[in-house]
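Source file: protein-v4.txt (compact mmCIF, C-alpha atoms)
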```txt
# COMPACT_ATOMS: atom_id res chain seq x y z
CA MET A 7 -5.53 9.22 -5.90
CA LEU A 8 -8.61 11.20 -4.99
CA LYS A 9 -7.78 14.84 -4.36
CA LYS A 10 -11.15 16.50 -3.82
CA LEU A 11 -14.83 15.59 -3.61
CA TYR A 12 -17.75 18.00 -4.06
CA ILE A 13 -21.34 17.08 -3.13
CA ASP A 14 -24.47 19.21 -3.38
CA ASN A 15 -28.05 18.35 -2.40
CA PHE A 16 -27.36 14.84 -1.08
CA ARG A 17 -28.73 14.10 2.40
CA CYS A 18 -27.13 16.56 4.84
CA MET A 19 -24.54 17.77 2.33
CA GLN A 20 -25.21 21.07 0.59
CA ASN A 21 -22.38 22.74 -1.34
CA PHE A 22 -20.03 20.42 0.53
CA SER A 23 -16.41 19.71 -0.34
CA VAL A 24 -13.55 17.76 1.21
CA THR A 25 -9.89 17.82 0.17
CA LEU A 26 -8.08 14.50 0.53
CA THR A 27 -4.48 13.39 1.07
CA ASN A 28 -2.93 9.96 0.61
CA TYR A 29 -3.25 9.12 4.35
CA GLN A 30 -6.05 10.76 6.26
CA LEU A 31 -8.36 10.51 9.25
CA TRP A 32 -11.97 11.64 9.14
CA LEU A 33 -13.55 12.34 12.50
CA GLY A 34 -16.66 13.94 13.86
CA SER A 35 -19.76 13.15 15.89
CA ASN A 36 -22.25 10.52 14.83
CA GLY A 37 -24.59 11.97 12.20
CA SER A 38 -22.02 14.46 10.94
CA GLY A 39 -22.01 13.04 7.41
CA LYS A 40 -18.83 10.93 7.25
CA THR A 41 -20.57 7.71 6.23
CA SER A 42 -22.78 9.60 3.76
CA VAL A 43 -19.65 10.68 1.89
CA LEU A 44 -18.68 7.01 1.58
CA ASP A 45 -22.16 6.29 0.24
CA VAL A 46 -21.63 8.93 -2.47
CA LEU A 47 -18.39 7.25 -3.52
CA ARG A 48 -20.12 3.87 -3.64
CA ASN A 49 -22.89 5.41 -5.73
CA LEU A 50 -20.40 6.83 -8.21
CA GLN A 51 -18.79 3.40 -8.50
CA ARG A 52 -22.21 1.94 -9.26
CA VAL A 53 -22.88 4.59 -11.90
CA LEU A 54 -19.56 3.75 -13.55
CA ALA A 55 -20.46 0.06 -13.46
CA ALA A 56 -23.46 0.77 -15.74
CA GLU A 57 -26.21 0.42 -13.10
CA ASN A 58 -29.46 2.29 -13.60
CA VAL A 59 -29.25 5.61 -11.75
CA ALA A 60 -32.86 5.24 -10.56
CA ASP A 61 -31.69 2.22 -8.53
CA ILE A 62 -28.84 4.24 -7.02
CA PHE A 63 -30.15 7.74 -6.26
CA LYS A 64 -33.47 7.57 -4.44
CA ARG A 65 -35.64 10.62 -3.99
CA ASN A 66 -35.16 10.49 -0.21
CA SER A 67 -31.46 11.18 -0.74
CA LEU A 68 -32.26 14.81 -1.65
CA THR A 69 -31.50 17.33 1.10
CA VAL A 70 -34.77 17.69 3.01
CA TRP A 71 -34.65 21.50 3.35
CA ASP A 72 -33.60 22.08 -0.27
CA MET A 73 -36.35 22.33 -2.89
CA ARG A 74 -34.04 21.76 -5.87
CA LEU A 75 -34.36 18.44 -7.71
CA VAL A 76 -30.79 18.24 -9.04
CA GLN A 77 -27.93 16.59 -7.18
CA THR A 78 -24.37 17.44 -8.20
CA PHE A 79 -21.20 15.44 -7.62
CA ARG A 80 -17.63 16.21 -8.64
CA VAL A 81 -14.45 14.22 -8.06
CA GLU A 82 -10.93 15.44 -8.70
CA LEU A 83 -8.26 12.78 -9.08
CA GLU A 84 -4.61 12.37 -9.92
CA ILE A 85 -3.80 9.23 -11.90
CA GLY A 86 -0.24 8.58 -13.03
CA GLY A 87 0.67 12.21 -12.38
CA GLU A 88 -2.19 13.51 -14.56
CA ASP A 89 -5.23 15.48 -13.36
CA TYR A 90 -8.77 14.23 -13.94
CA GLU A 91 -12.13 15.71 -13.01
CA TYR A 92 -15.41 13.81 -13.17
CA GLU A 93 -18.77 15.60 -12.88
CA LEU A 94 -22.23 14.08 -12.55
CA ALA A 95 -25.61 15.81 -12.24
CA ILE A 96 -28.66 13.72 -11.34
CA GLU A 97 -32.12 15.21 -11.94
CA HIS A 98 -35.13 13.84 -10.05
CA MET A 99 -38.48 13.97 -11.83
CA LYS A 100 -41.01 16.27 -10.18
CA GLY A 101 -43.70 14.26 -8.41
CA GLU A 102 -42.19 10.93 -9.48
CA GLU A 103 -39.86 8.35 -7.98
CA ARG A 104 -37.55 8.53 -11.01
CA CYS A 105 -34.32 10.27 -11.91
CA ARG A 106 -31.98 10.64 -14.86
CA ILE A 107 -28.48 11.73 -15.72
CA GLN A 108 -28.81 15.42 -16.53
CA GLU A 109 -25.12 15.78 -17.35
CA GLU A 110 -21.94 13.74 -17.07
CA LYS A 111 -18.46 14.93 -17.93
CA LEU A 112 -14.86 13.76 -17.71
CA ILE A 113 -12.06 16.33 -17.95
CA TRP A 114 -8.47 15.20 -18.52
CA LYS A 115 -5.57 17.62 -18.06
CA GLY A 116 -7.97 20.56 -18.45
CA SER A 117 -9.65 19.26 -21.63
CA THR A 118 -13.09 17.68 -21.90
CA PHE A 119 -12.67 14.00 -22.75
CA TYR A 120 -16.25 12.78 -22.41
CA HIS A 121 -19.54 14.66 -22.21
CA PHE A 122 -23.13 13.51 -21.93
CA ASP A 123 -25.36 16.56 -22.28
CA GLY A 124 -28.64 14.92 -21.29
CA SER A 125 -29.42 13.44 -24.67
CA GLU A 126 -26.17 12.83 -26.57
CA ALA A 127 -22.85 11.32 -25.57
CA HIS A 128 -19.81 13.08 -27.02
CA LEU A 129 -16.61 11.04 -27.18
CA TYR A 130 -13.16 12.58 -27.50
CA ARG A 131 -9.80 11.17 -28.52
CA ILE A 132 -6.11 11.94 -28.60
CA ASN A 133 -4.83 12.84 -32.07
CA ASN A 134 -1.97 10.43 -32.72
CA ASN A 135 -0.01 13.04 -34.70
CA SER A 136 -0.46 16.19 -32.63
CA GLY A 137 -1.14 14.59 -29.23
CA LYS A 138 -4.00 17.05 -28.75
CA VAL A 139 -7.53 16.21 -27.63
CA GLU A 140 -10.17 16.41 -30.36
CA GLU A 141 -13.85 15.55 -30.53
CA GLY A 142 -14.70 12.24 -32.08
CA THR A 143 -18.11 10.68 -32.54
CA HIS A 144 -21.35 11.59 -30.81
CA PHE A 145 -24.59 9.67 -30.55
CA THR A 146 -27.94 9.62 -28.78
CA ALA A 147 -27.60 7.85 -25.42
CA ASP A 148 -29.84 6.54 -22.66
CA TRP A 149 -30.06 8.99 -19.77
CA SER A 150 -30.67 6.21 -17.22
CA ARG A 151 -27.12 4.79 -17.35
CA SER A 152 -23.61 6.04 -17.89
CA VAL A 153 -22.08 5.31 -21.28
CA ILE A 154 -18.55 5.32 -19.87
CA PRO A 155 -18.55 1.62 -18.79
CA THR A 156 -19.56 0.49 -22.29
CA ILE A 157 -16.83 2.27 -24.26
CA ALA A 158 -14.32 -0.07 -25.88
CA GLU A 159 -10.64 0.49 -25.14
CA ARG A 160 -8.54 2.02 -27.91
CA ASP A 161 -5.10 3.63 -28.08
CA ASP A 162 -6.61 7.09 -28.47
CA ASN A 163 -9.00 6.94 -25.49
CA ARG A 164 -6.67 5.69 -22.76
CA PRO A 165 -7.44 8.57 -20.35
CA LEU A 166 -11.08 7.53 -20.17
CA ILE A 167 -10.19 3.86 -19.69
CA ARG A 168 -7.59 4.73 -17.07
CA PHE A 169 -10.16 6.75 -15.14
CA ARG A 170 -12.69 3.93 -15.32
CA GLU A 171 -10.14 1.41 -14.05
CA GLU A 172 -9.07 3.69 -11.21
CA VAL A 173 -12.63 4.02 -9.91
CA ARG A 174 -12.92 0.23 -9.86
CA LYS A 175 -9.92 0.16 -7.55
CA TRP A 176 -11.65 2.11 -4.79
CA LEU A 177 -12.46 -0.17 -1.86
CA ILE A 178 -15.03 1.26 0.56
CA VAL A 179 -15.88 -0.87 3.60
CA GLN A 180 -17.41 -0.79 7.08
CA PRO A 181 -16.36 -4.21 8.43
CA ILE A 182 -18.59 -6.02 10.90
CA PRO A 183 -16.70 -9.22 11.80
CA ILE A 184 -19.41 -10.98 13.84
CA SER A 185 -19.79 -14.66 12.92
CA LYS A 186 -23.40 -14.50 11.70
CA MET A 187 -22.38 -11.89 9.12
CA MET A 188 -18.81 -12.78 8.11
CA THR A 189 -19.28 -16.42 7.14
CA SER A 190 -16.79 -19.17 6.24
CA SER A 191 -18.50 -20.45 3.12
CA ALA A 192 -17.05 -19.48 -0.27
CA ARG A 193 -19.35 -20.99 -2.88
CA ASN A 194 -18.09 -18.63 -5.56
CA GLU A 195 -15.36 -16.11 -6.22
CA SER A 196 -16.32 -12.47 -5.67
CA PRO A 197 -14.18 -9.69 -7.20
CA ASP A 198 -15.94 -7.15 -4.96
CA LEU A 199 -15.73 -7.03 -1.19
CA ASN A 200 -19.11 -5.75 -0.08
CA ARG A 201 -19.88 -2.94 2.32
CA TYR A 202 -19.85 -4.90 5.61
CA CYS A 203 -17.36 -7.54 4.38
CA GLU A 204 -19.83 -10.41 4.83
CA ASN A 205 -18.44 -12.02 1.68
CA PHE A 206 -14.81 -11.89 2.82
CA SER A 207 -14.38 -15.65 2.22
CA GLU A 208 -15.57 -15.38 -1.39
CA TRP A 209 -13.44 -12.27 -1.96
CA TYR A 210 -10.40 -14.03 -0.47
CA ARG A 211 -11.01 -16.95 -2.83
CA TYR A 212 -11.04 -14.51 -5.75
CA ILE A 213 -7.85 -12.64 -4.83
CA LEU A 214 -5.99 -15.92 -4.30
CA GLN A 215 -6.74 -16.72 -7.94
CA GLU A 216 -5.75 -13.25 -9.12
CA SER A 217 -2.63 -13.00 -6.96
CA PRO A 218 -1.58 -16.41 -5.55
CA GLY A 219 1.21 -14.91 -3.43
CA ILE A 220 -1.18 -12.84 -1.37
CA GLY A 221 -1.89 -15.72 1.02
CA TYR A 222 1.79 -15.87 1.91
CA ASP A 223 1.99 -12.07 2.24
CA ALA A 224 -1.00 -11.96 4.58
CA ARG A 225 0.49 -14.82 6.62
CA GLN A 226 3.75 -12.91 7.08
CA LEU A 227 1.81 -9.90 8.35
CA LEU A 228 -0.50 -11.90 10.63
CA THR A 229 2.01 -14.21 12.31
CA PRO A 230 3.30 -11.52 14.73
CA VAL A 231 -0.23 -10.21 15.36
CA ILE A 232 -2.34 -13.27 16.25
CA PRO A 233 -0.60 -15.61 18.75
CA GLY A 234 -0.01 -19.03 17.19
CA PHE A 235 -1.36 -18.04 13.76
CA ASP A 236 0.00 -20.29 11.01
CA GLU A 237 -2.14 -19.97 7.87
CA LEU A 238 -5.46 -19.09 6.29
CA SER A 239 -6.69 -21.61 3.75
CA LEU A 240 -9.71 -22.58 1.66
CA ARG A 241 -10.69 -26.24 1.87
CA ASP A 242 -13.14 -28.21 -0.24
CA ALA A 243 -16.55 -28.86 1.32
CA GLY A 244 -18.87 -30.45 -1.23
CA ASP A 245 -19.86 -27.90 -3.85
CA SER A 246 -18.36 -25.07 -1.79
CA ARG A 247 -15.08 -24.19 -0.11
CA MET A 248 -14.67 -23.25 3.53
CA LEU A 249 -12.26 -20.69 4.94
CA LYS A 250 -10.11 -22.17 7.71
CA ALA A 251 -7.46 -20.80 10.04
CA THR A 252 -4.65 -22.92 11.45
CA LEU A 253 -3.45 -21.95 14.93
CA ARG A 254 -0.66 -23.55 16.97
CA ILE A 255 -1.63 -24.37 20.55
CA GLY A 256 1.26 -25.71 22.55
CA ASN A 257 3.17 -27.99 20.19
CA LYS A 258 0.25 -28.92 17.98
CA ASP A 259 -1.57 -27.25 15.07
CA TYR A 260 -5.36 -27.00 15.16
CA VAL A 261 -7.61 -26.09 12.25
CA PHE A 262 -10.56 -23.82 13.03
CA ASP A 263 -13.47 -22.81 10.90
CA PHE A 264 -13.26 -19.05 10.20
CA GLN A 265 -16.55 -18.58 12.06
CA GLU A 266 -15.14 -20.31 15.14
CA LEU A 267 -12.57 -17.56 15.63
CA SER A 268 -13.26 -14.59 17.87
CA ASP A 269 -14.68 -11.41 16.36
CA GLY A 270 -11.35 -9.69 17.02
CA GLN A 271 -9.37 -12.43 15.28
CA ARG A 272 -11.62 -12.22 12.22
CA GLN A 273 -11.19 -8.44 12.16
CA LEU A 274 -7.40 -8.71 12.36
CA ILE A 275 -7.34 -11.28 9.55
CA LEU A 276 -9.49 -8.95 7.44
CA LEU A 277 -7.37 -5.87 8.21
CA TYR A 278 -4.04 -7.50 7.40
CA THR A 279 -5.40 -9.19 4.29
CA LEU A 280 -6.58 -5.76 3.13
CA LEU A 281 -3.10 -4.43 3.86
CA ALA A 282 -1.51 -7.20 1.77
CA ALA A 283 -3.97 -6.52 -1.08
CA LEU A 284 -3.24 -2.79 -0.88
CA LYS A 285 0.48 -3.48 -1.21
CA LYS A 286 -0.18 -5.71 -4.24
CA GLY A 287 -2.26 -3.02 -5.91
CA ILE A 288 -5.43 -5.15 -6.04
CA PHE A 289 -7.03 -1.88 -4.99
CA THR A 290 -5.27 1.47 -4.70
CA THR A 291 -7.62 3.52 -2.52
CA LEU A 292 -9.12 2.26 0.74
CA PHE A 293 -11.88 3.97 2.69
CA ILE A 294 -12.50 2.08 5.92
CA ASP A 295 -15.03 2.97 8.60
CA GLU A 296 -14.06 1.99 12.18
CA PRO A 297 -11.29 -0.57 11.50
CA ASN A 298 -10.85 -0.84 15.27
CA ASN A 299 -14.13 -2.72 15.85
CA PHE A 300 -13.43 -5.62 18.27
CA VAL A 301 -9.69 -4.88 18.22
CA ALA A 302 -7.64 -3.93 21.29
CA LEU A 303 -5.60 -0.72 21.56
CA ARG A 304 -2.27 -2.55 21.31
CA GLU A 305 -3.50 -4.46 18.23
CA ILE A 306 -4.66 -1.53 16.09
CA GLN A 307 -1.51 0.59 16.35
CA PRO A 308 0.81 -1.74 14.35
CA TRP A 309 -1.77 -1.90 11.54
CA ILE A 310 -2.10 1.88 11.45
CA ASN A 311 1.68 2.25 11.29
CA GLU A 312 1.93 -0.31 8.47
CA VAL A 313 -0.80 1.47 6.51
CA HIS A 314 1.02 4.78 6.92
CA ASP A 315 4.24 3.25 5.57
CA VAL A 316 2.44 1.79 2.54
CA CYS A 317 0.88 5.18 1.73
CA ASP A 318 4.27 6.89 2.04
CA ASP A 319 6.23 4.32 0.03
CA MET A 320 3.72 3.41 -2.70
CA GLU A 321 1.08 5.22 -4.74
CA ARG A 322 -1.68 4.20 -2.34
CA GLN A 323 -4.38 6.13 -0.48
CA VAL A 324 -6.11 5.24 2.78
CA VAL A 325 -8.85 7.24 4.51
CA ILE A 326 -9.93 6.03 7.96
CA ILE A 327 -13.08 7.00 9.82
CA SER A 328 -12.78 6.42 13.54
CA HIS A 329 -13.78 7.52 17.03
CA HIS A 330 -11.03 5.34 18.53
CA PRO A 331 -8.75 7.40 20.85
CA GLU A 332 -5.60 5.54 19.76
CA ILE A 333 -6.31 6.18 16.08
CA ILE A 334 -7.22 9.82 16.74
CA ASN A 335 -3.96 10.43 18.60
CA LEU A 336 -1.92 8.65 15.92
CA MET A 337 -3.52 10.38 12.94
CA ALA A 338 -4.93 13.76 14.06
CA ARG A 339 -1.71 15.65 13.50
CA GLY A 340 -2.62 18.15 10.80
CA ASN A 341 -3.97 16.23 7.78
CA GLU A 342 -7.22 15.08 9.39
CA ARG A 343 -10.65 16.30 8.30
CA TRP A 344 -13.18 17.26 10.95
CA PHE A 345 -16.87 16.88 10.04
CA THR A 346 -19.31 19.01 12.00
CA ARG A 347 -22.99 20.07 11.91
CA LYS A 348 -24.80 22.80 13.78
CA GLU A 349 -28.38 22.09 14.84
CA ASN A 350 -28.71 19.24 12.31
CA GLY A 351 -27.99 21.65 9.45
CA PRO A 352 -25.62 21.12 6.53
CA VAL A 353 -22.30 19.37 7.05
CA GLU A 354 -19.15 21.44 7.24
CA CYS A 355 -15.72 19.93 6.71
CA LYS A 356 -12.81 21.67 8.41
CA ASP A 357 -9.19 21.07 7.58
CA ARG A 358 -8.21 19.92 11.02
CA LEU A 359 -9.44 19.27 14.53
CA PRO A 360 -9.18 22.36 16.73
CA GLN A 361 -6.17 22.16 19.05
CA THR A 362 -6.51 22.44 22.81
CA PRO A 363 -3.27 23.32 24.64
CA GLY A 364 -2.24 20.61 27.06
CA LEU A 365 -4.68 18.02 25.70
CA SER A 366 -4.16 15.21 23.21
CA PRO A 367 -6.49 15.19 20.18
CA ALA A 368 -8.50 12.31 21.70
CA GLU A 369 -8.90 14.16 25.01
CA THR A 370 -10.09 17.24 23.13
CA VAL A 371 -12.74 15.15 21.37
CA ALA A 372 -13.74 13.37 24.59
CA ARG A 373 -14.34 16.64 26.42
CA GLY A 374 -16.29 18.09 23.51
CA TRP A 375 -14.10 21.19 23.37
CA GLU A 376 -13.66 20.88 19.61
CA ASN A 377 -17.19 22.30 19.29
CA GLU A 378 -16.51 25.43 21.33
```

Final structure tokens representation of the file:
Amino acid sequence: MLKKLYIDNFRCMQNFSVTLTNYQLWLGSNGSGKTSVLDVLRNLQRVLAAENVADIFKRNSLTVWDMRLVQTFRVELEIGGEDYEYELAIEHMKGEERCRIQEEKLIWKGSTFYHFDGSEAHLYRINNNSGKVEEGTHFTADWSRSVIPTIAERDDNRPLIRFREEVRKWLIVQPIPISKMMTSSARNESPDLNRYCENFSEWYRYILQESPGIGYDARQLLTPVIPGFDELSLRDAGDSRMLKATLRIGNKDYVFDFQELSDGQRQLILLYTLLAALKKGIFTTLFIDEPNNFVALREIQPWINEVHDVCDDMERQVVIISHHPEIINLMARGNERWFTRKENGPVECKDRLPQTPGLSPAETVARGWENE
């Protein structure tokens, strides 16, 4: 579980930090930096997937009023009851559209377990006899990519592997369920659900292979939510497969192409499939921006309640970004994080939305009194 995130010199975030819980709402006006935080997390995932940092951190991501050329990121996590801290410093070349890893470090239970100092990578290991951390090999490394994704798994480096695997299990999405984006075709299997969930069909095909029971689990969750819903299936269509939904109308079942459904129906199918995958542990941390898109008030509340139960009962984490009044009233009860900016300056993150006597949290936001 992510516990804390620190960001410096990235877009509107300067010496910024946010403390996270296992179930949390992020709220704030448009342009207050919420989505930029998600972009940082995506970027860190890309770094730890061995992508070139010059393709990830563009020069225009530097804070416009800050003359420094170094961006700093730090993530604190708890994995299996143990504390981890990951630090990354990206240095942009003066006058050039290039950048490099200036420093990268992983700390496990207070001890350095990996360190790239700008030229050499230093690997650490657990001594099998004493159980203590000791330095192992070191070697010259490329500053354009992280070495962490390339390290082979061994018994004595499990903390590093466990950290790497945990980062892969972050799912960060901003679903847009309109038919021209979220298509039915699944030509291939995709282990990664992309930012706007356009490849949901290909991701669904993948998770059915990885966890065959998930189709049944999603069906059980969706049956009470979408009237007449019977099943979601992938059917052969030449060299591809097409995602289909079976709905009962009267006394007869009808099969619809996924794109023939309403935007709201596609969103509900996505949301409850994500819930089923979260329960299965296909991913363990979900960041979702505006899950309420195209969904009615009475339809989003059961999903929110189910998500809350999963976070309470399992080692799962869900962070929701929303302006939806129903979600704000359900979740803004003390653990929320309120993002705010004054005169387009740096983002501030406050521990909770200011309370207004006699008003619900959503009414406080609607009247703008949280800024007084």

Fewer than 4 positions away in the same chain doesn't count, so skip those; otherwise give me all residues within 12 Å of A:Thr146, counting only C-alpha atoms, as a PDB file with C-alpha atoms, in the frame of the given file.
```pdb
ATOM      1  CA  HIS A 121     -19.540  14.660 -22.210  1.00  0.00           C
ATOM      2  CA  PHE A 122     -23.130  13.510 -21.930  1.00  0.00           C
ATOM      3  CA  ASP A 123     -25.360  16.560 -22.280  1.00  0.00           C
ATOM      4  CA  GLY A 124     -28.640  14.920 -21.290  1.00  0.00           C
ATOM      5  CA  SER A 125     -29.420  13.440 -24.670  1.00  0.00           C
ATOM      6  CA  GLU A 126     -26.170  12.830 -26.570  1.00  0.00           C
ATOM      7  CA  ALA A 127     -22.850  11.320 -25.570  1.00  0.00           C
ATOM      8  CA  HIS A 128     -19.810  13.080 -27.020  1.00  0.00           C
ATOM      9  CA  LEU A 129     -16.610  11.040 -27.180  1.00  0.00           C
ATOM     10  CA  VAL A 153     -22.080   5.310 -21.280  1.00  0.00           C
TER      11      VAL A 153
END
```

### Query
atom CA of A:Leu44 and atom CA of A:Val325 are how many Å apart?
10.3 Å

### Query
Excluding same-chain residues fewer than 5 positions from A:Glu216, what lies within 12 Å of it counting all atoms listed in the file, as a VMD selection string?
chain A and resid 195 to 197 209 to 211 221 283 286 to 288

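Straight-line separation from atom CA of A:Leu68 to atom CA of A:His98: 8.9 Å.
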
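Distances here use only C-alpha atoms; by that measure, the residue among A:Ser246, A:Thr27, A:Asn133, A:Gln307 closest to A:Asp161 is A:Asn133.
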
### Task
Excluding A:Gln265 and any residue of its chain fewer than 6 positions from it, enumerate the residues within 7 Å of it, using all atoms listed in the file, and give them as a ChimeraX atom specification.
/A:185,189-190

Where atoms are missing, can you supply N, CA and C atoms for stretch 343-368 of chain A and output the lot as a short mmCIF file (atom, residue, chain, number, x, y, z; two decimals), in the coordinates of the input?
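Wrote rebuild-v6.cif, looks like this:
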```
data_model
loop_
_atom_site.label_atom_id
_atom_site.label_comp_id
_atom_site.auth_asym_id
_atom_site.auth_seq_id
_atom_site.Cartn_x
_atom_site.Cartn_y
_atom_site.Cartn_z
N ARG A 343 -9.50 15.49 8.67
CA ARG A 343 -10.65 16.30 8.30
C ARG A 343 -11.72 16.12 9.37
N TRP A 344 -12.22 17.25 9.86
CA TRP A 344 -13.18 17.26 10.95
C TRP A 344 -14.56 17.64 10.40
N PHE A 345 -15.52 16.70 10.52
CA PHE A 345 -16.87 16.88 10.04
C PHE A 345 -17.73 17.40 11.20
N THR A 346 -18.49 18.43 10.94
CA THR A 346 -19.31 19.01 12.00
C THR A 346 -20.62 19.53 11.44
N ARG A 347 -21.68 19.53 12.28
CA ARG A 347 -22.99 20.07 11.91
C ARG A 347 -23.52 20.89 13.07
N LYS A 348 -24.16 21.98 12.76
CA LYS A 348 -24.80 22.80 13.78
C LYS A 348 -26.31 22.65 13.67
N GLU A 349 -26.92 22.22 14.76
CA GLU A 349 -28.38 22.09 14.84
C GLU A 349 -28.95 21.27 13.68
N ASN A 350 -28.27 20.16 13.37
CA ASN A 350 -28.71 19.24 12.31
C ASN A 350 -28.80 19.91 10.95
N GLY A 351 -28.04 20.97 10.75
CA GLY A 351 -27.99 21.65 9.45
C GLY A 351 -27.01 20.97 8.51
N PRO A 352 -26.55 21.70 7.50
CA PRO A 352 -25.62 21.12 6.53
C PRO A 352 -24.27 20.79 7.15
N VAL A 353 -23.62 19.79 6.59
CA VAL A 353 -22.30 19.37 7.05
C VAL A 353 -21.25 20.39 6.64
N GLU A 354 -20.35 20.66 7.55
CA GLU A 354 -19.15 21.44 7.24
C GLU A 354 -17.94 20.54 7.43
N CYS A 355 -16.96 20.69 6.58
CA CYS A 355 -15.72 19.93 6.71
C CYS A 355 -14.58 20.91 6.93
N LYS A 356 -13.92 20.78 8.07
CA LYS A 356 -12.81 21.67 8.41
C LYS A 356 -11.49 20.93 8.26
N ASP A 357 -10.46 21.68 7.95
CA ASP A 357 -9.19 21.07 7.58
C ASP A 357 -8.50 20.32 8.70
N ARG A 358 -8.84 20.65 9.93
CA ARG A 358 -8.21 19.92 11.02
C ARG A 358 -9.02 20.09 12.29
N LEU A 359 -8.80 19.19 13.23
CA LEU A 359 -9.44 19.27 14.53
C LEU A 359 -8.87 20.45 15.30
N PRO A 360 -9.72 21.26 15.92
CA PRO A 360 -9.18 22.36 16.73
C PRO A 360 -8.24 21.84 17.83
N GLN A 361 -7.17 22.55 18.05
CA GLN A 361 -6.17 22.16 19.05
C GLN A 361 -6.50 22.77 20.41
N THR A 362 -6.32 21.96 21.44
CA THR A 362 -6.51 22.44 22.81
C THR A 362 -5.19 22.30 23.55
N PRO A 363 -4.57 23.41 23.96
CA PRO A 363 -3.27 23.32 24.64
C PRO A 363 -3.33 22.40 25.85
N GLY A 364 -2.34 21.51 25.93
CA GLY A 364 -2.24 20.61 27.06
C GLY A 364 -3.05 19.33 26.95
N LEU A 365 -3.87 19.21 25.88
CA LEU A 365 -4.68 18.02 25.70
C LEU A 365 -4.30 17.31 24.40
N SER A 366 -4.34 15.98 24.45
CA SER A 366 -4.16 15.21 23.21
C SER A 366 -5.40 15.39 22.34
N PRO A 367 -5.30 15.08 21.03
CA PRO A 367 -6.49 15.19 20.18
C PRO A 367 -7.67 14.37 20.71
N ALA A 368 -7.41 13.14 21.19
CA ALA A 368 -8.50 12.31 21.70
C ALA A 368 -9.15 12.92 22.93
#
```
